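Notes to accompany the following structure.
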Amino acid sequence: MKALLVRDLRLAIRAGGGFGLGLAFFLIVTVLVPFGVGPQSALLSTIAPGILWLGALLACLLSLDRILALDWEDGTLDLLACAPLPMEAAVSVKALAHWLTTGLPLVIAAPLFALLLNLPSAGYAPLVLSLLLGTPALSVIGTFGAALTVGIKRGGLLLSLLVLPLYVPTLIYGAEAARRGAAGLDTSTPLIMLAGITFGVIALLPFASAAVLRVNIR
Amino acid sequence: MMPDLGKYADAVLGAYAASIVLLIAIVALSIWQARRTKAALDDVEKRRNG
Amino acid sequence: MSLWEYANPVKFMALSGRILPWAAWLSGICLVVGLIWGFFFTPDDFRQGSTVKIIYLHVPSALMAINIWMMMLVTSLVWIIRRHHVSALAAKAAAPIGVAMTLIALITGAIWGQPMWGTWWAWDPRLTSFLILFLFYLGYIALWAAIEDNDTAADLTSILCLVGSVFAVLSRYAVNFWNQGLHQGASLSLDKEKNVADVFYFPLLVCIAGFVLLFIALVLLRTRTEIRARRASALLARERMA
């Protein structure tokens, strides 16, 4: 498992692996929003939590097809299927690697980008906390979507169509937590719900992803 | 015959029209697909049985 | 005699061929009677005026939109557990009908909302849930269309339907939490005293029966189409082999 994780991380960090692509996309979204809605700082600070969450979600979405597509093409997945490692563990490791290379950098960069959008100072801790709790769910759900579409040529658009509705609960609770935090309200309820979704998804969805992958490899 | 729909006539008629169009569309699509597939299958069966 | 006998395509074709005309005619009669009754012979509501007549389309289509997804969930489970091809094909056949029903519910809802709430669309929990349901239907159909191998497609869409159902329920609660709505509560339920008045209730029941029968007729027809298409492509493949 550790070997697989290290290998995935190494591939991602190597040039062309897509590491940093998500971050750059996140940065561009954050920079473009003020051009779209106008530079009033009051308006920006009210929509900042939502924009940051949406940016993180889209950046995540952008890198999903990289989770499995390359391994599918060069036959690594077939080898993994024969390996003693259960498929459920393999997809979990894949999701973890995706989170470490995409989700975690987004969480770390979010406060910096929040500066650009004039987020109220009370909002930083809830924003980071909600992203930290929510982005693993995005990676795990995304791995499921990637597993579904791995056998389809040019499945990127289909992948987005399948995954976006699945992202709705995570986005709602995550953005709600960040928004309440920025408004100085109590954030415990959405954060607890968000954590519930994330842990539930981490516990259950790998079984579905593994089943789907087995079907695709068959 | 036509009931007096008052000031909401547009809304009510629009809703009925849109729904009926959609219902007819799905029914027509299903029937069209059914006919086409049946014709295709009959074609193949005929060739197969001589 | 057990229900599973009809998993045999030949038996299914025979039985569905007999039921289909009945369901089609009955649904036509119920829809015509119900809609004409509702449209021409019911009074206006004292608050909502004549817009109350939209209920005869809005409520049945919304009911069907949810129940068709439930039916797809059940047939997907049957496919995953017992691997009956007819079941998987029935789920595939039902999805476009679900899309049509969801669209009718959304459109009539928007047209009804415009005069009542002063807006076509509000990010109300029920409306939002239906929009999400619509996206699930689209994704499901797109996945069926994208995969060439039939059994793979059936497996993958079944699992998507399962996972999607869980997330649809999650979304429903999330959306409730996110925004309190404009939409009124359920207007029909078996255990509640406070239903809509009888004058609206009976034509509504007829319309619901019509929609249910229409769905049964359509899903049978479409499943028969899918079975025939499958057989035709199998025969064609055999021809090419020979």
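For the structure tokens, the naming scheme is as follows: chains receive sequential letters (A, B, ...) according to their order of presentation, residues are indexed from 1 within each chain, and ligands are indexed from 1 in presentation order.
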When the cut-off is 6 Å and we count only C-alpha atoms, which residues of chain C are near chain B, given as an MDAnalysis selection string?
chainID C and resid 40 50:51 104 108 111 225 229 232
Any chance you could export the current selection's C-alpha atoms as a CSV table (one decimal), in the first residue's frame?
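Full text of selection.csv as output:
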chain,number,residue,atom,x,y,z
C,40,PHE,CA,-63.4,22.1,-16.9
C,50,SER,CA,-57.5,29.2,-11.5
C,51,THR,CA,-53.9,28.3,-11.1
C,104,ILE,CA,-43.1,18.3,-16.4
C,108,THR,CA,-45.5,23.3,-14.4
C,111,ILE,CA,-45.4,28.3,-14.4
C,225,THR,CA,-38.0,-2.4,-27.4
C,229,ALA,CA,-32.9,-4.4,-29.9
C,232,ALA,CA,-31.5,-8.0,-33.1
Dump as a count of residues only the residues of chain C that approach chain A to within 8 Å, counting only C-alpha atoms.
23
Need the shell around stretch 19-33 of chain C: protein/DNA/RNA residues with any atom at most 9 Å away, counting only C-alpha atoms. Skip same-chain ones fewer than 2 positions apart. Format as a PyMOL selection string?
chain C and resi 14-17+35-38+203+206-218+220-221
Would you write out those residues with N, CA and C atoms, as a tab-separated table (two decimals), in the first residue's frame?
chain	number	residue	atom	x	y	z
C	14	ALA	N	-44.34	-12.25	-23.72
C	14	ALA	CA	-45.72	-12.71	-23.85
C	14	ALA	C	-46.63	-11.96	-22.89
C	15	LEU	N	-46.21	-11.91	-21.62
C	15	LEU	CA	-47.06	-11.26	-20.62
C	15	LEU	C	-47.20	-9.77	-20.90
C	16	SER	N	-46.07	-9.10	-21.18
C	16	SER	CA	-46.13	-7.66	-21.37
C	16	SER	C	-46.95	-7.33	-22.61
C	17	GLY	N	-46.87	-8.21	-23.62
C	17	GLY	CA	-47.67	-7.98	-24.82
C	17	GLY	C	-49.16	-7.99	-24.50
C	35	LEU	N	-58.05	14.87	-16.57
C	35	LEU	CA	-57.64	16.23	-16.94
C	35	LEU	C	-58.85	17.08	-17.34
C	36	ILE	N	-59.82	16.46	-18.07
C	36	ILE	CA	-61.00	17.24	-18.46
C	36	ILE	C	-61.82	17.59	-17.23
C	37	TRP	N	-61.99	16.61	-16.34
C	37	TRP	CA	-62.69	16.86	-15.08
C	37	TRP	C	-62.00	18.01	-14.33
C	38	GLY	N	-60.69	17.87	-14.20
C	38	GLY	CA	-59.97	18.88	-13.46
C	38	GLY	C	-60.00	20.24	-14.14
C	203	PRO	N	-60.63	14.27	-8.85
C	203	PRO	CA	-59.99	14.34	-10.17
C	203	PRO	C	-58.48	14.15	-10.09
C	206	VAL	N	-57.73	10.51	-10.06
C	206	VAL	CA	-57.87	9.95	-11.41
C	206	VAL	C	-56.63	10.27	-12.24
C	207	CYS	N	-56.15	11.50	-12.12
C	207	CYS	CA	-54.96	11.88	-12.89
C	207	CYS	C	-53.74	11.08	-12.44
C	208	ILE	N	-53.60	10.89	-11.12
C	208	ILE	CA	-52.45	10.11	-10.64
C	208	ILE	C	-52.53	8.69	-11.20
C	209	ALA	N	-53.74	8.10	-11.17
C	209	ALA	CA	-53.90	6.77	-11.73
C	209	ALA	C	-53.50	6.78	-13.21
C	210	GLY	N	-53.91	7.83	-13.92
C	210	GLY	CA	-53.57	7.93	-15.34
C	210	GLY	C	-52.07	7.98	-15.55
C	211	PHE	N	-51.37	8.77	-14.73
C	211	PHE	CA	-49.91	8.87	-14.88
C	211	PHE	C	-49.23	7.54	-14.56
C	212	VAL	N	-49.72	6.87	-13.50
C	212	VAL	CA	-49.11	5.58	-13.14
C	212	VAL	C	-49.29	4.59	-14.28
C	213	LEU	N	-50.52	4.52	-14.81
C	213	LEU	CA	-50.78	3.58	-15.91
C	213	LEU	C	-49.97	3.94	-17.15
C	214	LEU	N	-49.86	5.24	-17.40
C	214	LEU	CA	-49.06	5.67	-18.55
C	214	LEU	C	-47.63	5.21	-18.40
C	215	PHE	N	-47.11	5.35	-17.17
C	215	PHE	CA	-45.74	4.91	-16.93
C	215	PHE	C	-45.61	3.41	-17.16
C	216	ILE	N	-46.60	2.64	-16.64
C	216	ILE	CA	-46.53	1.18	-16.81
C	216	ILE	C	-46.53	0.84	-18.30
C	217	ALA	N	-47.44	1.47	-19.04
C	217	ALA	CA	-47.52	1.18	-20.47
C	217	ALA	C	-46.20	1.53	-21.16
C	218	LEU	N	-45.68	2.73	-20.84
C	218	LEU	CA	-44.46	3.17	-21.51
C	218	LEU	C	-43.28	2.30	-21.14
C	220	LEU	N	-43.26	-0.80	-20.17
C	220	LEU	CA	-43.38	-2.10	-20.83
C	220	LEU	C	-42.97	-1.98	-22.30
C	221	LEU	N	-43.51	-0.96	-22.95
C	221	LEU	CA	-43.20	-0.77	-24.36
C	221	LEU	C	-41.70	-0.60	-24.57
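When atom CA of A:Leu62 is paired with atom CA of A:Gly22, their separation reads 6.9 Å.
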Would you return as JSON, numbers by chain the members of stretch 96-157 of chain A that DSSP assigns to alpha helix (DSSP H) on this structure's backbone?
{"A": [96, 97, 98, 104, 105, 106, 107, 108, 109, 110, 111, 112, 113, 114, 115, 116, 124, 125, 126, 127, 128, 129, 130, 131, 132, 133, 134, 135, 136, 137, 138, 139, 140, 141, 142, 143, 144, 145, 146, 147, 148, 149, 156, 157]}
Mind checking which residues fall within 9 Å of A:Thr143, counting only C-alpha atoms, ignoring those fewer than 3 positions away in the same chain, and posting them as a ChimeraX atom specification?
/A:64-65,67-68,91-92,94-95,98,138-140,146-148,206,209
Env of A:Leu5: 9 Å cut, atoms = only C-alpha atoms, seq-sep filter 6 positions within chain, self excluded. Answer as a list in words.
Val93, Lys94, Leu96 and Ala97 of chain A
Separating atom CA of C:Met241 from atom CA of B:Asn49, to the nearest tenth of an Å, is a gap of 16.4 Å
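For the pair atom CA of C:Gln48 and atom CA of C:Phe202, the separation is 18.8 Å.
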Distance query stretch 42-54 of chain A at most 8 Å, only C-alpha atoms, self and fewer than 5 positions along chain excluded, as a list in words:
Thr30, Val33, Pro34, Ala110, Phe113, Ala114, Leu117, Asn118, Leu119, Pro120, Gly123, Leu127, Leu131, Leu171, Gly174, Ala175, Ala178, Arg179 and Ala182 of chain A
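Look at A:Leu129: the protein and nucleic acid residues within 9 Å of it, using only C-alpha atoms and passing over chain neighbours fewer than 2 places away, are A:Val107, A:Tyr124, A:Ala125, A:Pro126, A:Leu127, A:Leu131, A:Leu132, A:Leu133, A:Gly134, A:Ala177, A:Ala178, A:Leu191.
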